[in-house]
>>> print(open('start.cif').read())   # mmCIF, C-alpha atoms, pLDDT in the B column; chains and numbers go by the auth columns
data_upload
loop_
_atom_site.group_PDB
_atom_site.id
_atom_site.type_symbol
_atom_site.label_atom_id
_atom_site.label_comp_id
_atom_site.label_asym_id
_atom_site.label_seq_id
_atom_site.Cartn_x
_atom_site.Cartn_y
_atom_site.Cartn_z
_atom_site.B_iso_or_equiv
_atom_site.auth_seq_id
_atom_site.auth_asym_id
ATOM 1 C CA MET A 1 -15.949 2.514 -53.254 56.00 1 A
ATOM 2 C CA THR A 2 -19.291 3.492 -54.686 81.00 2 A
ATOM 3 C CA LYS A 3 -17.889 6.991 -55.087 90.00 3 A
ATOM 4 C CA PHE A 4 -15.363 5.571 -57.558 92.00 4 A
ATOM 5 C CA ILE A 5 -17.940 4.058 -59.895 90.00 5 A
ATOM 6 C CA GLU A 6 -20.159 7.154 -59.610 92.00 6 A
ATOM 7 C CA ARG A 7 -17.276 9.358 -60.672 94.00 7 A
ATOM 8 C CA LEU A 8 -16.147 6.970 -63.379 93.00 8 A
ATOM 9 C CA ASN A 9 -19.667 6.890 -64.827 91.00 9 A
ATOM 10 C CA ILE A 10 -19.754 10.709 -64.890 94.00 10 A
ATOM 11 C CA LEU A 11 -16.348 10.930 -66.564 96.00 11 A
ATOM 12 C CA VAL A 12 -17.271 8.328 -69.165 94.00 12 A
ATOM 13 C CA LYS A 13 -20.507 10.156 -69.946 95.00 13 A
ATOM 14 C CA GLU A 14 -18.756 13.538 -70.162 96.00 14 A
ATOM 15 C CA LYS A 15 -16.209 12.105 -72.580 96.00 15 A
ATOM 16 C CA GLY A 16 -18.987 10.600 -74.696 97.00 16 A
ATOM 17 C CA ILE A 17 -17.642 7.064 -74.610 95.00 17 A
ATOM 18 C CA ASN A 18 -18.874 3.717 -73.325 91.00 18 A
ATOM 19 C CA ALA A 19 -17.283 0.900 -71.345 87.00 19 A
ATOM 20 C CA THR A 20 -16.103 -0.898 -74.481 90.00 20 A
ATOM 21 C CA MET A 21 -14.411 2.201 -75.815 93.00 21 A
ATOM 22 C CA LEU A 22 -12.780 2.872 -72.454 92.00 22 A
ATOM 23 C CA ALA A 23 -11.457 -0.682 -72.258 91.00 23 A
ATOM 24 C CA ARG A 24 -10.011 -0.418 -75.760 92.00 24 A
ATOM 25 C CA GLU A 25 -8.361 2.939 -75.005 92.00 25 A
ATOM 26 C CA LEU A 26 -6.750 1.610 -71.823 92.00 26 A
ATOM 27 C CA GLY A 27 -5.921 -1.859 -73.105 91.00 27 A
ATOM 28 C CA ILE A 28 -7.951 -3.618 -70.424 89.00 28 A
ATOM 29 C CA GLY A 29 -10.595 -6.328 -70.593 86.00 29 A
ATOM 30 C CA THR A 30 -14.083 -5.212 -71.533 82.00 30 A
ATOM 31 C CA SER A 31 -15.468 -6.852 -68.414 85.00 31 A
ATOM 32 C CA SER A 32 -13.367 -4.695 -66.069 86.00 32 A
ATOM 33 C CA TYR A 33 -15.841 -1.804 -65.944 83.00 33 A
ATOM 34 C CA ASP A 34 -18.731 -4.166 -65.182 85.00 34 A
ATOM 35 C CA ASN A 35 -16.680 -5.934 -62.530 87.00 35 A
ATOM 36 C CA TRP A 36 -15.898 -2.648 -60.784 87.00 36 A
ATOM 37 C CA ARG A 37 -19.585 -1.742 -60.809 83.00 37 A
ATOM 38 C CA ARG A 38 -20.880 -5.176 -59.873 85.00 38 A
ATOM 39 C CA PHE A 39 -18.392 -5.959 -57.131 81.00 39 A
ATOM 40 C CA ASN A 40 -18.167 -2.397 -55.834 75.00 40 A
ATOM 41 C CA SER A 41 -14.408 -2.402 -56.197 80.00 41 A
ATOM 42 C CA ILE A 42 -11.762 -0.128 -57.636 87.00 42 A
ATOM 43 C CA PRO A 43 -8.929 -0.985 -60.008 92.00 43 A
ATOM 44 C CA GLN A 44 -5.447 -1.232 -58.633 89.00 44 A
ATOM 45 C CA GLY A 45 -2.032 0.080 -59.582 92.00 45 A
ATOM 46 C CA LYS A 46 -1.383 0.808 -63.231 94.00 46 A
ATOM 47 C CA THR A 47 -5.055 0.662 -64.216 93.00 47 A
ATOM 48 C CA LEU A 48 -6.032 3.279 -61.648 95.00 48 A
ATOM 49 C CA ILE A 49 -3.170 5.509 -62.813 96.00 49 A
ATOM 50 C CA ALA A 50 -4.186 4.985 -66.450 96.00 50 A
ATOM 51 C CA LEU A 51 -7.788 5.967 -65.674 96.00 51 A
ATOM 52 C CA ALA A 52 -6.686 9.127 -63.870 97.00 52 A
ATOM 53 C CA ASP A 53 -4.372 10.056 -66.739 97.00 53 A
ATOM 54 C CA TYR A 54 -6.985 9.276 -69.400 96.00 54 A
ATOM 55 C CA PHE A 55 -9.608 11.478 -67.759 97.00 55 A
ATOM 56 C CA ASP A 56 -7.050 14.067 -66.605 96.00 56 A
ATOM 57 C CA VAL A 57 -8.112 13.842 -62.957 98.00 57 A
ATOM 58 C CA SER A 58 -6.282 12.902 -59.786 97.00 58 A
ATOM 59 C CA ILE A 59 -6.462 9.441 -58.277 96.00 59 A
ATOM 60 C CA ASP A 60 -7.793 11.060 -55.102 95.00 60 A
ATOM 61 C CA TYR A 61 -10.688 12.480 -57.113 96.00 61 A
ATOM 62 C CA LEU A 62 -11.410 9.133 -58.773 94.00 62 A
ATOM 63 C CA VAL A 63 -11.598 7.248 -55.487 92.00 63 A
ATOM 64 C CA GLY A 64 -13.604 9.966 -53.737 92.00 64 A
ATOM 65 C CA ARG A 65 -10.959 11.303 -51.376 93.00 65 A
ATOM 66 C CA LYS A 66 -11.128 14.819 -52.868 95.00 66 A
ATOM 67 C CA ASP A 67 -13.815 16.716 -54.729 93.00 67 A
ATOM 68 C CA GLU A 68 -11.367 18.682 -56.900 92.00 68 A
ATOM 69 C CA ARG A 69 -10.545 16.923 -60.151 91.00 69 A
ATOM 70 C CA GLU A 70 -6.885 17.920 -60.198 84.00 70 A
#
>>> encode(input="start.cif", output="structure tokens")
Amino acid sequence: MTKFIERLNILVKEKGINATMLARELGIGTSSYDNWRRFNSIPQGKTLIALADYFDVSIDYLVGRKDERE
């Protein structure tokens, strides 16, 4: 699960946004990003799909199952 937050941090940085901006874009609570980082967890269902779509990467990439972004 640490691979998820590592990749999310990279994607956020590349896009030039912060956690608050990401939360607003996805319509999720601002504490979600911190909760994922703090509790070493990954989002589920629609949120995970929304993240993958927003960053234009595959879910497998986000969760660390593949190194290719697509």
>>> closest_residue(input="start.cif", among="A:Lys66, A:Asn18, A:Ile10, A:Ala52", to="Thr30 of chain A", atoms="only C-alpha atoms")
A:Asn18
>>> axis_aligned_box(input="start.cif", around="segment 7-24 of chain A", padding_each_side="8 Å", output="AutoDock Vina command-line options")
--center_x -15.3 --center_y 6.3 --center_z -68.2 --size_x 26.5 --size_y 30.4 --size_z 31.1
>>> closest_residue(input="start.cif", among="A:Thr47, A:Asn40, A:Thr20, A:Ser32", to="Glu6 of chain A", atoms="all atoms listed in the file")
A:Asn40
>>> resolve_selection(input="start.cif", expression="the PyMOL selection byres ((chain A and resi 57) around 12)", output="VMD selection string")
chain A and resid 7 to 8 11 48 to 56 58 to 64 66 to 70
>>> write_last_selection(input="start.cif", atoms="C-alpha atoms", output="compact mmCIF listing (two decimals), in the coordinates of the input")
# COMPACT_ATOMS: atom_id res chain seq x y z
CA ARG A 7 -17.28 9.36 -60.67
CA LEU A 8 -16.15 6.97 -63.38
CA LEU A 11 -16.35 10.93 -66.56
CA LEU A 48 -6.03 3.28 -61.65
CA ILE A 49 -3.17 5.51 -62.81
CA ALA A 50 -4.19 4.99 -66.45
CA LEU A 51 -7.79 5.97 -65.67
CA ALA A 52 -6.69 9.13 -63.87
CA ASP A 53 -4.37 10.06 -66.74
CA TYR A 54 -6.98 9.28 -69.40
CA PHE A 55 -9.61 11.48 -67.76
CA ASP A 56 -7.05 14.07 -66.60
CA SER A 58 -6.28 12.90 -59.79
CA ILE A 59 -6.46 9.44 -58.28
CA ASP A 60 -7.79 11.06 -55.10
CA TYR A 61 -10.69 12.48 -57.11
CA LEU A 62 -11.41 9.13 -58.77
CA VAL A 63 -11.60 7.25 -55.49
CA GLY A 64 -13.60 9.97 -53.74
CA LYS A 66 -11.13 14.82 -52.87
CA ASP A 67 -13.82 16.72 -54.73
CA GLU A 68 -11.37 18.68 -56.90
CA ARG A 69 -10.54 16.92 -60.15
CA GLU A 70 -6.88 17.92 -60.20
>>> atom_distance(input="start.cif", atom1="atom CA of Arg24 of chain A", atom2="atom CA of Val12 of chain A")
13.1 Å
>>> atom_distance(input="start.cif", atom1="atom CA of Ala23 of chain A", atom2="atom CA of Phe4 of chain A")
16.4 Å
>>> atom_distance(input="start.cif", atom1="atom CA of Trp36 of chain A", atom2="atom CA of Asn9 of chain A")
11.0 Å
>>> closest_residue(input="start.cif", among="A:Leu26, A:Ser31, A:Lys15, A:Arg65", to="Lys3 of chain A", atoms="only C-alpha atoms")
A:Arg65
>>> resolve_selection(input="start.cif", expression="the PyMOL selection byres ((chain A and resi 41) around 9)", output="VMD selection string")
chain A and resid 1 to 2 4 to 5 35 to 40 42 to 43
>>> write_last_selection(input="start.cif", atoms="C-alpha atoms", output="mmCIF file, in the coordinates of the input")
data_model
loop_
_atom_site.group_PDB
_atom_site.id
_atom_site.type_symbol
_atom_site.label_atom_id
_atom_site.label_comp_id
_atom_site.auth_asym_id
_atom_site.auth_seq_id
_atom_site.Cartn_x
_atom_site.Cartn_y
_atom_site.Cartn_z
ATOM 1 C CA MET A 1 -15.949 2.514 -53.254
ATOM 2 C CA THR A 2 -19.291 3.492 -54.686
ATOM 3 C CA PHE A 4 -15.363 5.571 -57.558
ATOM 4 C CA ILE A 5 -17.940 4.058 -59.895
ATOM 5 C CA ASN A 35 -16.680 -5.934 -62.530
ATOM 6 C CA TRP A 36 -15.898 -2.648 -60.784
ATOM 7 C CA ARG A 37 -19.585 -1.742 -60.809
ATOM 8 C CA ARG A 38 -20.880 -5.176 -59.873
ATOM 9 C CA PHE A 39 -18.392 -5.959 -57.131
ATOM 10 C CA ASN A 40 -18.167 -2.397 -55.834
ATOM 11 C CA ILE A 42 -11.762 -0.128 -57.636
ATOM 12 C CA PRO A 43 -8.929 -0.985 -60.008
#
